[in-house]
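This is final_31.csv. It holds CSV, N, CA and C atoms.
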chain,number,residue,atom,x,y,z
A,1,MET,N,7.2,-44.0,-103.3
A,1,MET,CA,6.5,-44.3,-102.0
A,1,MET,C,6.0,-45.7,-102.0
A,2,ALA,N,6.2,-46.4,-101.0
A,2,ALA,CA,5.8,-47.8,-100.9
A,2,ALA,C,4.4,-47.9,-100.3
A,3,HIS,N,3.5,-48.5,-101.0
A,3,HIS,CA,2.1,-48.7,-100.5
A,3,HIS,C,1.7,-50.2,-100.6
A,4,ILE,N,0.9,-50.6,-99.7
A,4,ILE,CA,0.4,-52.0,-99.7
A,4,ILE,C,-0.8,-52.0,-100.5
A,5,ASN,N,-0.8,-52.8,-101.6
A,5,ASN,CA,-2.0,-52.9,-102.4
A,5,ASN,C,-3.0,-53.9,-101.8
A,6,PRO,N,-4.2,-53.4,-101.3
A,6,PRO,CA,-5.1,-54.2,-100.6
A,6,PRO,C,-5.5,-55.4,-101.4
A,7,SER,N,-5.5,-55.4,-102.7
A,7,SER,CA,-6.0,-56.5,-103.5
A,7,SER,C,-4.9,-57.6,-103.5
A,8,ASN,N,-3.7,-57.3,-103.1
A,8,ASN,CA,-2.6,-58.3,-103.0
A,8,ASN,C,-2.3,-58.7,-101.6
A,9,PHE,N,-3.1,-58.1,-100.6
A,9,PHE,CA,-2.8,-58.4,-99.2
A,9,PHE,C,-3.6,-59.6,-98.8
A,10,GLU,N,-3.0,-60.5,-98.2
A,10,GLU,CA,-3.6,-61.7,-97.6
A,10,GLU,C,-3.6,-61.6,-96.1
A,11,ASP,N,-4.7,-61.6,-95.5
A,11,ASP,CA,-4.8,-61.4,-94.0
A,11,ASP,C,-4.5,-62.8,-93.4
A,12,LEU,N,-3.3,-62.9,-92.8
A,12,LEU,CA,-2.8,-64.2,-92.2
A,12,LEU,C,-3.1,-64.3,-90.8
A,13,PHE,N,-3.6,-63.2,-90.2
A,13,PHE,CA,-3.9,-63.2,-88.7
A,13,PHE,C,-4.9,-64.3,-88.3
A,14,PRO,N,-6.0,-64.5,-89.1
A,14,PRO,CA,-6.9,-65.6,-88.7
A,14,PRO,C,-6.2,-66.9,-88.7
A,15,ILE,N,-5.4,-67.2,-89.6
A,15,ILE,CA,-4.7,-68.5,-89.7
A,15,ILE,C,-3.7,-68.6,-88.5
A,16,MET,N,-3.0,-67.5,-88.2
A,16,MET,CA,-2.2,-67.5,-87.0
A,16,MET,C,-3.0,-67.8,-85.7
A,17,ALA,N,-4.1,-67.1,-85.6
A,17,ALA,CA,-4.9,-67.2,-84.4
A,17,ALA,C,-5.4,-68.7,-84.3
A,18,HIS,N,-5.8,-69.2,-85.4
A,18,HIS,CA,-6.3,-70.6,-85.3
A,18,HIS,C,-5.2,-71.6,-84.9
A,19,LYS,N,-4.0,-71.4,-85.5
A,19,LYS,CA,-2.9,-72.3,-85.1
A,19,LYS,C,-2.3,-72.1,-83.7
A,20,LEU,N,-2.3,-70.8,-83.3
A,20,LEU,CA,-1.6,-70.5,-82.0
A,20,LEU,C,-2.6,-70.4,-80.9
A,21,GLY,N,-3.9,-70.3,-81.1
A,21,GLY,CA,-4.8,-70.0,-80.1
A,21,GLY,C,-4.7,-68.6,-79.6
A,22,GLY,N,-5.6,-68.2,-78.7
A,22,GLY,CA,-5.7,-66.8,-78.3
A,22,GLY,C,-4.4,-66.4,-77.5
A,23,ASP,N,-4.0,-67.2,-76.6
A,23,ASP,CA,-2.8,-66.8,-75.8
A,23,ASP,C,-1.5,-66.8,-76.7
A,24,GLY,N,-1.4,-67.7,-77.6
A,24,GLY,CA,-0.3,-67.8,-78.5
A,24,GLY,C,-0.2,-66.6,-79.4
A,25,LEU,N,-1.4,-66.2,-79.9
A,25,LEU,CA,-1.4,-65.0,-80.8
A,25,LEU,C,-1.0,-63.7,-80.1
A,26,ILE,N,-1.6,-63.6,-78.9
A,26,ILE,CA,-1.2,-62.4,-78.1
A,26,ILE,C,0.3,-62.4,-77.8
A,27,GLY,N,0.8,-63.6,-77.5
A,27,GLY,CA,2.3,-63.7,-77.2
A,27,GLY,C,3.1,-63.3,-78.4
A,28,GLU,N,2.6,-63.7,-79.6
A,28,GLU,CA,3.3,-63.3,-80.9
A,28,GLU,C,3.2,-61.8,-81.1
A,29,LEU,N,2.0,-61.2,-80.8
A,29,LEU,CA,1.9,-59.7,-80.9
A,29,LEU,C,2.8,-59.0,-80.0
A,30,CYS,N,2.9,-59.5,-78.8
A,30,CYS,CA,3.9,-58.9,-77.8
A,30,CYS,C,5.3,-59.0,-78.3
A,31,ASN,N,5.7,-60.1,-78.9
A,31,ASN,CA,7.0,-60.3,-79.4
A,31,ASN,C,7.2,-59.3,-80.6
A,32,GLY,N,6.2,-59.1,-81.4
A,32,GLY,CA,6.3,-58.1,-82.5
A,32,GLY,C,6.5,-56.7,-82.0
A,33,PHE,N,5.8,-56.4,-80.9
A,33,PHE,CA,5.9,-55.1,-80.3
A,33,PHE,C,7.3,-54.9,-79.8
A,34,ARG,N,7.8,-55.8,-79.0
A,34,ARG,CA,9.2,-55.7,-78.5
A,34,ARG,C,10.2,-55.6,-79.6
A,35,LEU,N,10.0,-56.2,-80.7
A,35,LEU,CA,10.9,-56.1,-81.8
A,35,LEU,C,11.0,-54.7,-82.4
A,36,LEU,N,9.9,-54.0,-82.4
A,36,LEU,CA,9.8,-52.7,-83.0
A,36,LEU,C,10.0,-51.5,-82.0
A,37,MET,N,9.9,-51.8,-80.7
A,37,MET,CA,9.8,-50.7,-79.7
A,37,MET,C,11.2,-50.1,-79.5
A,38,ASP,N,11.2,-48.9,-79.0
A,38,ASP,CA,12.4,-48.2,-78.4
A,38,ASP,C,12.6,-48.8,-77.1
A,39,VAL,N,13.7,-49.4,-76.8
A,39,VAL,CA,14.0,-50.2,-75.6
A,39,VAL,C,13.9,-49.3,-74.4
A,40,ASP,N,14.4,-48.1,-74.5
A,40,ASP,CA,14.4,-47.2,-73.4
A,40,ASP,C,13.1,-46.6,-73.0
A,41,LYS,N,12.3,-46.3,-74.1
A,41,LYS,CA,10.9,-45.7,-73.8
A,41,LYS,C,9.8,-46.8,-73.7
A,42,GLU,N,10.1,-48.0,-74.1
A,42,GLU,CA,9.1,-49.1,-74.2
A,42,GLU,C,7.9,-48.7,-75.0
A,43,LEU,N,8.1,-48.0,-76.1
A,43,LEU,CA,7.1,-47.6,-77.0
A,43,LEU,C,7.6,-47.7,-78.4
A,44,ILE,N,6.7,-47.9,-79.4
A,44,ILE,CA,7.1,-47.8,-80.8
A,44,ILE,C,7.1,-46.3,-81.2
A,45,THR,N,8.2,-45.8,-81.4
A,45,THR,CA,8.4,-44.4,-81.8
A,45,THR,C,8.6,-44.3,-83.3
A,46,PHE,N,8.6,-43.1,-83.8
A,46,PHE,CA,8.9,-43.0,-85.2
A,46,PHE,C,10.3,-43.5,-85.5
A,47,ASP,N,11.3,-43.1,-84.6
A,47,ASP,CA,12.7,-43.5,-84.8
A,47,ASP,C,12.9,-45.0,-84.7
A,48,SER,N,12.2,-45.6,-83.7
A,48,SER,CA,12.3,-47.1,-83.6
A,48,SER,C,11.7,-47.8,-84.8
A,49,LEU,N,10.5,-47.3,-85.3
A,49,LEU,CA,9.9,-47.9,-86.4
A,49,LEU,C,10.8,-47.8,-87.6
A,50,LYS,N,11.3,-46.6,-87.8
A,50,LYS,CA,12.2,-46.4,-89.0
A,50,LYS,C,13.4,-47.3,-88.9
A,51,HIS,N,14.0,-47.4,-87.8
A,51,HIS,CA,15.2,-48.2,-87.6
A,51,HIS,C,14.9,-49.7,-87.8
A,52,ASN,N,13.8,-50.1,-87.4
A,52,ASN,CA,13.4,-51.6,-87.5
A,52,ASN,C,12.5,-51.9,-88.6
A,53,ALA,N,12.2,-51.0,-89.5
A,53,ALA,CA,11.3,-51.2,-90.6
A,53,ALA,C,11.8,-52.3,-91.6
A,54,ALA,N,13.1,-52.5,-91.7
A,54,ALA,CA,13.6,-53.5,-92.6
A,54,ALA,C,13.2,-54.9,-92.2
A,55,VAL,N,13.1,-55.1,-90.9
A,55,VAL,CA,12.7,-56.4,-90.3
A,55,VAL,C,11.3,-56.8,-90.9
A,56,LEU,N,10.5,-55.8,-91.1
A,56,LEU,CA,9.1,-56.0,-91.6
A,56,LEU,C,9.1,-56.0,-93.2
A,57,GLY,N,10.2,-55.7,-93.8
A,57,GLY,CA,10.2,-55.6,-95.2
A,57,GLY,C,9.7,-54.2,-95.7
A,58,LEU,N,9.8,-53.2,-94.8
A,58,LEU,CA,9.2,-51.9,-95.0
A,58,LEU,C,10.3,-50.9,-95.3
A,59,GLN,N,11.5,-51.3,-95.6
A,59,GLN,CA,12.7,-50.4,-95.7
A,59,GLN,C,12.5,-49.3,-96.8
A,60,ASP,N,11.6,-49.6,-97.8
A,60,ASP,CA,11.3,-48.6,-98.8
A,60,ASP,C,10.2,-47.6,-98.5
A,61,MET,N,9.6,-47.7,-97.3
A,61,MET,CA,8.6,-46.7,-97.0
A,61,MET,C,9.2,-45.3,-96.7
A,62,THR,N,8.4,-44.3,-97.1
A,62,THR,CA,8.9,-43.0,-96.8
A,62,THR,C,8.6,-42.6,-95.3
A,63,ASP,N,9.2,-41.5,-94.9
A,63,ASP,CA,9.0,-41.1,-93.5
A,63,ASP,C,7.5,-40.8,-93.3
A,64,ASP,N,6.9,-40.2,-94.3
A,64,ASP,CA,5.4,-39.9,-94.2
A,64,ASP,C,4.6,-41.2,-94.0
A,65,ASP,N,4.9,-42.2,-94.8
A,65,ASP,CA,4.2,-43.5,-94.6
A,65,ASP,C,4.4,-44.1,-93.2
A,66,LEU,N,5.6,-44.0,-92.7
A,66,LEU,CA,5.8,-44.6,-91.4
A,66,LEU,C,5.1,-43.8,-90.3
A,67,MET,N,5.1,-42.4,-90.5
A,67,MET,CA,4.4,-41.6,-89.5
A,67,MET,C,2.9,-41.9,-89.6
A,68,ASN,N,2.4,-42.1,-90.8
A,68,ASN,CA,0.9,-42.4,-90.9
A,68,ASN,C,0.6,-43.7,-90.3
A,69,MET,N,1.5,-44.7,-90.3
A,69,MET,CA,1.3,-45.9,-89.6
A,69,MET,C,1.2,-45.7,-88.1
A,70,LEU,N,2.1,-44.9,-87.6
A,70,LEU,CA,2.0,-44.6,-86.2
A,70,LEU,C,0.7,-43.9,-85.8
A,71,ARG,N,0.3,-42.9,-86.6
A,71,ARG,CA,-0.9,-42.2,-86.3
A,71,ARG,C,-2.1,-43.1,-86.4
A,72,GLU,N,-2.1,-44.1,-87.2
A,72,GLU,CA,-3.2,-45.0,-87.4
A,72,GLU,C,-3.6,-45.7,-86.1
A,73,GLY,N,-2.5,-46.0,-85.3
A,73,GLY,CA,-2.8,-46.7,-84.1
A,73,GLY,C,-2.7,-45.9,-82.8
A,74,ASP,N,-2.2,-44.7,-82.9
A,74,ASP,CA,-2.0,-43.8,-81.8
A,74,ASP,C,-3.3,-43.3,-81.2
A,75,LEU,N,-3.7,-43.9,-80.1
A,75,LEU,CA,-5.0,-43.6,-79.5
A,75,LEU,C,-4.9,-42.4,-78.5
A,76,ASP,N,-3.7,-42.2,-77.9
A,76,ASP,CA,-3.6,-41.2,-76.9
A,76,ASP,C,-2.9,-39.9,-77.4
A,77,GLY,N,-2.6,-39.9,-78.7
A,77,GLY,CA,-2.0,-38.7,-79.2
A,77,GLY,C,-0.6,-38.3,-78.9
A,78,ASP,N,0.2,-39.3,-78.4
A,78,ASP,CA,1.6,-39.1,-78.0
A,78,ASP,C,2.6,-39.4,-79.2
A,79,ASP,N,2.1,-39.6,-80.4
A,79,ASP,CA,3.0,-39.9,-81.5
A,79,ASP,C,3.8,-41.1,-81.4
A,80,ALA,N,3.3,-42.1,-80.6
A,80,ALA,CA,4.0,-43.4,-80.3
A,80,ALA,C,2.9,-44.4,-80.1
A,81,LEU,N,3.3,-45.7,-80.1
A,81,LEU,CA,2.4,-46.8,-79.8
A,81,LEU,C,2.9,-47.5,-78.6
A,82,ASN,N,2.0,-47.6,-77.6
A,82,ASN,CA,2.3,-48.5,-76.5
A,82,ASN,C,1.8,-49.9,-76.9
A,83,GLN,N,2.0,-50.9,-76.0
A,83,GLN,CA,1.7,-52.2,-76.4
A,83,GLN,C,0.2,-52.4,-76.7
A,84,MET,N,-0.6,-51.8,-75.9
A,84,MET,CA,-2.0,-52.0,-76.1
A,84,MET,C,-2.5,-51.4,-77.4
A,85,GLU,N,-2.0,-50.2,-77.7
A,85,GLU,CA,-2.3,-49.5,-79.0
A,85,GLU,C,-1.9,-50.4,-80.2
A,86,PHE,N,-0.7,-50.9,-80.1
A,86,PHE,CA,-0.1,-51.8,-81.2
A,86,PHE,C,-1.1,-53.0,-81.4
A,87,CYS,N,-1.4,-53.7,-80.3
A,87,CYS,CA,-2.3,-54.9,-80.4
A,87,CYS,C,-3.7,-54.5,-81.0
A,88,VAL,N,-4.2,-53.4,-80.5
A,88,VAL,CA,-5.5,-53.0,-81.0
A,88,VAL,C,-5.4,-52.7,-82.5
A,89,MET,N,-4.4,-52.0,-82.9
A,89,MET,CA,-4.2,-51.7,-84.3
A,89,MET,C,-4.1,-52.9,-85.2
A,90,MET,N,-3.3,-53.9,-84.7
A,90,MET,CA,-3.2,-55.1,-85.5
A,90,MET,C,-4.5,-55.9,-85.6
A,91,PHE,N,-5.3,-55.9,-84.6
A,91,PHE,CA,-6.6,-56.5,-84.7
A,91,PHE,C,-7.5,-55.7,-85.6
A,92,ARG,N,-7.5,-54.4,-85.5
A,92,ARG,CA,-8.3,-53.6,-86.4
A,92,ARG,C,-7.9,-53.7,-87.9
A,93,LEU,N,-6.7,-54.0,-88.2
A,93,LEU,CA,-6.2,-54.2,-89.5
A,93,LEU,C,-6.6,-55.5,-90.1
A,94,SER,N,-7.1,-56.4,-89.3
A,94,SER,CA,-7.5,-57.7,-89.7
A,94,SER,C,-9.0,-57.9,-89.5
A,95,PRO,N,-9.8,-57.6,-90.6
A,95,PRO,CA,-11.2,-57.7,-90.5
A,95,PRO,C,-11.7,-59.1,-90.1
A,96,ASP,N,-11.0,-60.1,-90.7
A,96,ASP,CA,-11.4,-61.5,-90.4
A,96,ASP,C,-11.2,-61.8,-88.9
A,97,LEU,N,-10.1,-61.3,-88.4
A,97,LEU,CA,-9.7,-61.6,-87.0
A,97,LEU,C,-10.7,-60.9,-86.1
A,98,MET,N,-11.1,-59.7,-86.4
A,98,MET,CA,-12.1,-59.0,-85.6
A,98,MET,C,-13.4,-59.9,-85.5
A,99,GLU,N,-13.8,-60.5,-86.5
A,99,GLU,CA,-15.0,-61.4,-86.5
A,99,GLU,C,-14.7,-62.6,-85.6
A,100,GLN,N,-13.5,-63.0,-85.5
A,100,GLN,CA,-13.2,-64.2,-84.7
A,100,GLN,C,-12.8,-63.8,-83.3
A,101,SER,N,-12.7,-62.6,-82.9
A,101,SER,CA,-12.2,-62.2,-81.6
A,101,SER,C,-13.1,-62.7,-80.5
A,102,GLN,N,-14.4,-62.7,-80.7
A,102,GLN,CA,-15.3,-63.2,-79.7
A,102,GLN,C,-14.9,-64.7,-79.4
A,103,PHE,N,-14.7,-65.5,-80.4
A,103,PHE,CA,-14.3,-66.9,-80.2
A,103,PHE,C,-13.0,-67.0,-79.4
A,104,LEU,N,-12.0,-66.1,-79.8
A,104,LEU,CA,-10.7,-66.2,-79.1
A,104,LEU,C,-10.9,-65.8,-77.6
A,105,LEU,N,-11.7,-64.8,-77.3
A,105,LEU,CA,-11.9,-64.4,-76.0
A,105,LEU,C,-12.6,-65.5,-75.2
A,106,GLU,N,-13.6,-66.1,-75.8
A,106,GLU,CA,-14.3,-67.3,-75.1
A,106,GLU,C,-13.3,-68.4,-74.8
A,107,GLU,N,-12.5,-68.7,-75.8
A,107,GLU,CA,-11.5,-69.8,-75.7
A,107,GLU,C,-10.5,-69.5,-74.5
A,108,ALA,N,-10.0,-68.3,-74.5
A,108,ALA,CA,-9.1,-67.9,-73.4
A,108,ALA,C,-9.8,-68.0,-72.0
A,109,LEU,N,-11.0,-67.5,-71.9
A,109,LEU,CA,-11.8,-67.6,-70.7
A,109,LEU,C,-12.0,-69.0,-70.2
A,110,GLN,N,-12.3,-69.9,-71.2
A,110,GLN,CA,-12.6,-71.3,-70.8
A,110,GLN,C,-11.3,-71.9,-70.3
A,111,GLN,N,-10.1,-71.6,-70.9
A,111,GLN,CA,-8.9,-72.1,-70.5
A,111,GLN,C,-8.6,-71.7,-69.1
A,112,ASP,N,-8.8,-70.4,-68.8
A,112,ASP,CA,-8.6,-69.8,-67.5
A,112,ASP,C,-9.5,-70.5,-66.5
A,113,LEU,N,-10.7,-70.8,-66.8
A,113,LEU,CA,-11.6,-71.5,-65.9
A,113,LEU,C,-11.1,-73.0,-65.6
A,114,LYS,N,-10.6,-73.6,-66.6
A,114,LYS,CA,-10.1,-75.0,-66.5
A,114,LYS,C,-8.9,-74.9,-65.5
A,115,ASP,N,-8.0,-73.9,-65.7
A,115,ASP,CA,-6.8,-73.8,-64.9
A,115,ASP,C,-7.2,-73.4,-63.5
A,116,PHE,N,-8.3,-72.7,-63.3
A,116,PHE,CA,-8.7,-72.3,-62.0
A,116,PHE,C,-9.2,-73.5,-61.2
A,117,TYR,N,-10.0,-74.4,-61.8
A,117,TYR,CA,-10.5,-75.5,-61.1
A,117,TYR,C,-9.6,-76.7,-61.2
Rewrite the structure from the file as structure tokens, please.
Amino acid sequence: MAHINPSNFEDLFPIMAHKLGGDGLIGELCNGFRLLMDVDKELITFDSLKHNAAVLGLQDMTDDDLMNMLREGDLDGDDALNQMEFCVMMFRLSPDLMEQSQFLLEEALQQDLKDFY
């Protein structure tokens, strides 16, 4: 069974957020979601995650591990992840990014105000 060892895990989301900015990071999350989703259902299902797991280097994970990943982010109980659930899960899995999320929100709002005026 493949497990991620937390002591060996480096949270790269804050670095990505800093380099890409708020809009860029959200765009990359959306790209990641589309990469993993079932094209017909527009959701990340167990089958689509299993099929695309190799892209993430997760080809050695068991079915139980993959299902647990889905359950971790499944907020509405449909055994799949929609785009919002996926993005929320990714932010939740990055404690440093959660701390920076207020900054990213303010940055995006300031950019919107600049574009508005």
Using 12 Å as the limit and counting only C-alpha atoms, can you tabulate each residue of stretch 53-80 of chain A that touches stretch 20-36 of chain A, with its shortest atom-to-atom distance in Å and the two atoms involved, as a tab-separated table?
residue	atom	partner	partner_atom	distance
A:Ala53	CA	A:Leu36	CA	7.9
A:Ala54	CA	A:Leu36	CA	10.4
A:Val55	CA	A:Leu36	CA	8.7
A:Leu56	CA	A:Leu36	CA	9.2
A:Leu70	CA	A:Leu36	CA	11.7
A:Ala80	CA	A:Leu36	CA	11.3
What is the atom C of A:Gly73 to atom C of A:Glu85 distance in Å? 5.3 Å
Quick one: distance from atom N of A:Gly57 to atom CA of A:Met37 in Å, one decimal?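 Calculated distance between atom N of A:Gly57 and atom CA of A:Met37 is 15.0 Å.
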Distance atom CA of A:Leu75-atom CA of A:Leu58, one decimal place?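 Those two atoms sit 22.6 Å apart.
Between A:Met67 and the candidates A:Ala108, A:Val39, A:Thr45, A:Val88, the tightest atom-to-atom separation, counting all atoms listed in the file, involves A:Thr45.
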List every protein, DNA or RNA residue that has an atom no more than 6.5 Å from (5.9, -45.7, -83.5) in the file's coordinate frame, counting only N, CA and C atoms, and report them as a PDB file with N, CA and C atoms, in the frame of the given file.
ATOM      1  N   LEU A  43       8.100 -48.000 -76.100  1.00  0.00           N
ATOM      2  CA  LEU A  43       7.100 -47.600 -77.000  1.00  0.00           C
ATOM      3  C   LEU A  43       7.600 -47.700 -78.400  1.00  0.00           C
ATOM      4  N   ILE A  44       6.700 -47.900 -79.400  1.00  0.00           N
ATOM      5  CA  ILE A  44       7.100 -47.800 -80.800  1.00  0.00           C
ATOM      6  C   ILE A  44       7.100 -46.300 -81.200  1.00  0.00           C
ATOM      7  N   THR A  45       8.200 -45.800 -81.400  1.00  0.00           N
ATOM      8  CA  THR A  45       8.400 -44.400 -81.800  1.00  0.00           C
ATOM      9  C   THR A  45       8.600 -44.300 -83.300  1.00  0.00           C
ATOM     10  N   PHE A  46       8.600 -43.100 -83.800  1.00  0.00           N
ATOM     11  CA  PHE A  46       8.900 -43.000 -85.200  1.00  0.00           C
ATOM     12  C   PHE A  46      10.300 -43.500 -85.500  1.00  0.00           C
ATOM     13  N   ASP A  47      11.300 -43.100 -84.600  1.00  0.00           N
ATOM     14  CA  ASP A  47      12.700 -43.500 -84.800  1.00  0.00           C
ATOM     15  C   ASP A  47      12.900 -45.000 -84.700  1.00  0.00           C
ATOM     16  N   SER A  48      12.200 -45.600 -83.700  1.00  0.00           N
ATOM     17  CA  SER A  48      12.300 -47.100 -83.600  1.00  0.00           C
ATOM     18  C   SER A  48      11.700 -47.800 -84.800  1.00  0.00           C
ATOM     19  N   LEU A  49      10.500 -47.300 -85.300  1.00  0.00           N
ATOM     20  CA  LEU A  49       9.900 -47.900 -86.400  1.00  0.00           C
ATOM     21  C   LEU A  49      10.800 -47.800 -87.600  1.00  0.00           C
ATOM     22  N   LEU A  70       2.100 -44.900 -87.600  1.00  0.00           N
ATOM     23  CA  LEU A  70       2.000 -44.600 -86.200  1.00  0.00           C
ATOM     24  C   LEU A  70       0.700 -43.900 -85.800  1.00  0.00           C
ATOM     25  N   ASP A  79       2.100 -39.600 -80.400  1.00  0.00           N
ATOM     26  CA  ASP A  79       3.000 -39.900 -81.500  1.00  0.00           C
ATOM     27  C   ASP A  79       3.800 -41.100 -81.400  1.00  0.00           C
ATOM     28  N   ALA A  80       3.300 -42.100 -80.600  1.00  0.00           N
ATOM     29  CA  ALA A  80       4.000 -43.400 -80.300  1.00  0.00           C
ATOM     30  C   ALA A  80       2.900 -44.400 -80.100  1.00  0.00           C
ATOM     31  N   LEU A  81       3.300 -45.700 -80.100  1.00  0.00           N
ATOM     32  CA  LEU A  81       2.400 -46.800 -79.800  1.00  0.00           C
ATOM     33  C   LEU A  81       2.900 -47.500 -78.600  1.00  0.00           C
TER      34      LEU A  81
END
Would you please work out which residue, of A:Leu113, A:Lys19, A:Met89, A:Glu107, is nearest to A:Glu72 when using only N, CA and C atoms? A:Met89
